[in-house]
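Notes for the one structure printed next.
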Amino acid sequence: TAEYQSELGFYSGSENEEGINFMATARMLTDPLPPTMPYAVMFDEDCGGDTQFCRRILPPLTRVTRMLASVGERGSFVGAQGAGHNIFETQPALVHETIDDLLEDAAGG
C-alpha cells in the first residue's frame, strides 16, 4: 500500500526531514557492548505540534530507544520529559547529572 511505502521511505531516510536511515542503525540493537561499559540513552521527542506524526512515530521510536538502553548489561534509559530534540540545550543539568552518574559508575562507585 502507499502508506506502507511511505513508512519504508521514512525509515530508510528518503522521506524524513533529517535524512536518517533508521534501518542502517538497527545493528545497534543487537551488537553486544563491552559488559563493563556503563552508558545512558537519553530520550525525548518534540513533534512540533504535529499530532499525526507523533501518534505514528513516537511509540516505535520510544520502544527502540528503550531497547538501545538494554543492549548492554550496564545501560540505562533516561527520559527527558519536555526536553525536545536537543536535550543538551534544553536540559543541560540533566545531561550533566547523567554524565556524572556514568562517570561514577565507571569508576566503581
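Lettering and numbering for the C-alpha cells are positional, with chains as A, B, ... in the shown order, residues counted from 1 in each chain, and ligands counted from 1 in the shown order.
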Alpha helix (DSSP H) per DSSP on the backbone: members of chain A, as an MDAnalysis selection string: chainID A and resid 2:12 51:71 87:90 92:106
Residue set, chain A restricted to strand (DSSP E), as a PyMOL selection string: chain A and resi 39-43+75-79
Residue neighbourhood segment 2-13 of chain A, 12 Å, only C-alpha atoms, exclusion window fewer than 2 positions, as a PyMOL selection string: chain A and resi 15-26+53+56-57+60-61
Save the residues we just selected, N, CA and C atoms, as a short mmCIF file (atom, residue, chain, number, x, y, z; two decimals), in the first residue's frame?
```cif
data_model
loop_
_atom_site.label_atom_id
_atom_site.label_comp_id
_atom_site.auth_asym_id
_atom_site.auth_seq_id
_atom_site.Cartn_x
_atom_site.Cartn_y
_atom_site.Cartn_z
N GLU A 15 12.37 9.88 3.19
CA GLU A 15 11.17 10.68 3.43
C GLU A 15 11.10 11.24 4.84
N ASN A 16 12.23 11.42 5.50
CA ASN A 16 12.20 12.14 6.78
C ASN A 16 13.13 13.35 6.66
N GLU A 17 12.78 14.41 7.35
CA GLU A 17 13.47 15.69 7.19
C GLU A 17 14.97 15.61 7.46
N GLU A 18 15.38 14.75 8.37
CA GLU A 18 16.79 14.67 8.74
C GLU A 18 17.58 13.71 7.87
N GLY A 19 16.90 12.95 7.02
CA GLY A 19 17.60 12.01 6.16
C GLY A 19 18.25 10.86 6.91
N ILE A 20 17.71 10.51 8.07
CA ILE A 20 18.29 9.45 8.89
C ILE A 20 17.78 8.10 8.40
N ASN A 21 18.70 7.18 8.14
CA ASN A 21 18.36 5.83 7.75
C ASN A 21 18.29 4.98 9.02
N PHE A 22 17.09 4.85 9.55
CA PHE A 22 16.90 4.09 10.79
C PHE A 22 17.22 2.61 10.59
N MET A 23 17.04 2.11 9.38
CA MET A 23 17.31 0.70 9.11
C MET A 23 18.80 0.39 9.21
N ALA A 24 19.64 1.33 8.82
CA ALA A 24 21.08 1.11 8.86
C ALA A 24 21.61 1.08 10.29
N THR A 25 20.88 1.69 11.21
CA THR A 25 21.34 1.72 12.60
C THR A 25 20.76 0.58 13.42
N ALA A 26 20.01 -0.31 12.80
CA ALA A 26 19.35 -1.39 13.52
C ALA A 26 20.35 -2.32 14.21
N PHE A 53 1.97 12.93 13.22
CA PHE A 53 3.34 12.42 13.21
C PHE A 53 3.67 11.77 14.56
N ARG A 56 2.14 8.40 15.07
CA ARG A 56 2.74 7.38 14.21
C ARG A 56 4.15 7.01 14.65
N ILE A 57 4.96 7.99 14.97
CA ILE A 57 6.38 7.72 15.20
C ILE A 57 6.77 7.53 16.66
N PRO A 60 6.90 3.59 18.29
CA PRO A 60 8.04 2.75 17.91
C PRO A 60 9.38 3.39 18.24
N LEU A 61 9.47 4.70 18.15
CA LEU A 61 10.73 5.37 18.47
C LEU A 61 11.07 5.23 19.94
#
```
Proximity to Cys47 of chain A - best of A:Val78, A:Ala83, A:Leu94, A:Met67, only C-alpha atoms: A:Ala83
Contacts of Glu73 of chain A within 12 Å, only C-alpha atoms, excl. fewer than 6 positions in-chain, as a PyMOL selection string: chain A and resi 32-40+67
Can you spit out the residues from that selection as a JSON list (two decimals), in the first residue's frame, using N, CA and C atoms?
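File produced: selection-v9.json:
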```json
[["chain", "number", "residue", "atom", "x", "y", "z"],
["A", 32, "PRO", "N", 26.68, -6.65, 20.64],
["A", 32, "PRO", "CA", 26.97, -6.53, 22.07],
["A", 32, "PRO", "C", 27.95, -5.40, 22.38],
["A", 33, "LEU", "N", 27.76, -4.81, 23.51],
["A", 33, "LEU", "CA", 28.69, -3.80, 24.02],
["A", 33, "LEU", "C", 29.57, -4.46, 25.07],
["A", 34, "PRO", "N", 30.74, -3.88, 25.34],
["A", 34, "PRO", "CA", 31.55, -4.45, 26.41],
["A", 34, "PRO", "C", 30.75, -4.48, 27.71],
["A", 35, "PRO", "N", 30.74, -5.60, 28.41],
["A", 35, "PRO", "CA", 29.89, -5.73, 29.60],
["A", 35, "PRO", "C", 30.26, -4.76, 30.72],
["A", 36, "THR", "N", 31.46, -4.22, 30.70],
["A", 36, "THR", "CA", 31.86, -3.30, 31.76],
["A", 36, "THR", "C", 31.55, -1.84, 31.44],
["A", 37, "MET", "N", 31.01, -1.58, 30.26],
["A", 37, "MET", "CA", 30.80, -0.19, 29.83],
["A", 37, "MET", "C", 29.43, 0.33, 30.24],
["A", 38, "PRO", "N", 29.39, 1.27, 31.19],
["A", 38, "PRO", "CA", 28.11, 1.90, 31.50],
["A", 38, "PRO", "C", 27.78, 2.94, 30.43],
["A", 39, "TYR", "N", 26.53, 3.07, 30.11],
["A", 39, "TYR", "CA", 26.11, 4.08, 29.14],
["A", 39, "TYR", "C", 24.66, 4.45, 29.42],
["A", 40, "ALA", "N", 24.27, 5.60, 28.92],
["A", 40, "ALA", "CA", 22.89, 6.06, 29.07],
["A", 40, "ALA", "C", 22.35, 6.44, 27.71],
["A", 67, "MET", "N", 15.05, -0.08, 23.87],
["A", 67, "MET", "CA", 15.81, -1.28, 23.52],
["A", 67, "MET", "C", 17.31, -0.97, 23.48]]
```
A:Ser14, A:Ala93, A:Arg55, A:Val64 ranked by distance to Val41 of chain A, top pick (using only C-alpha atoms): A:Val64
Residue nearest Ala80 of chain A among A:Glu97, A:Asp105, A:Asp31, A:Asp50 (counting only C-alpha atoms):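 Closest to Ala80 of chain A of all the choices is A:Glu97.
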Of the listed residues A:Thr98, A:Gln81, A:Ser76, A:Thr30, that which approaches Glu45 of chain A most closely, counting only C-alpha atoms: A:Gln81
Gap from atom CA of Ala69 of chain A to atom CA of Glu89 of chain A - Å, one decimal: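 Going from atom CA of Ala69 of chain A over to atom CA of Glu89 of chain A covers 21.5 Å.
Comparing the minimum interatomic distances between Gln91 of chain A and each of A:Asp44, A:Arg27, A:Gly75, A:Thr1, counting only C-alpha atoms, we find that A:Asp44 sits nearest.
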Minimum-distance residue to Asp46 of chain A, chosen among A:Pro59, A:Gly84, A:Pro92, A:Gly79 (using only C-alpha atoms):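 Of the candidates, the smallest distance to Asp46 of chain A is held by A:Gly84.
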Long-range neighbours of His96 of chain A as an MDAnalysis selection string, 12 Å cut-off, only C-alpha atoms, 6 positions minimum in chain: chainID A and resid 40 42 87:90 102:103
Can you write out the residues you just picked, keeping C-alpha atoms, as a short mmCIF file (atom, residue, chain, number, x, y, z; two decimals), in the first residue's frame?
```
data_model
loop_
_atom_site.label_atom_id
_atom_site.label_comp_id
_atom_site.auth_asym_id
_atom_site.auth_seq_id
_atom_site.Cartn_x
_atom_site.Cartn_y
_atom_site.Cartn_z
CA ALA A 40 22.89 6.06 29.07
CA MET A 42 18.59 9.91 26.81
CA ILE A 87 18.36 17.66 25.32
CA PHE A 88 21.84 19.10 25.86
CA GLU A 89 20.45 22.59 25.18
CA THR A 90 17.07 22.41 26.89
CA LEU A 102 28.07 7.36 34.30
CA LEU A 103 31.50 8.51 35.42
#
```
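The two atoms in question, atom CA of Phe43 of chain A and atom CA of Arg66 of chain A, are spaced 8.7 Å apart.
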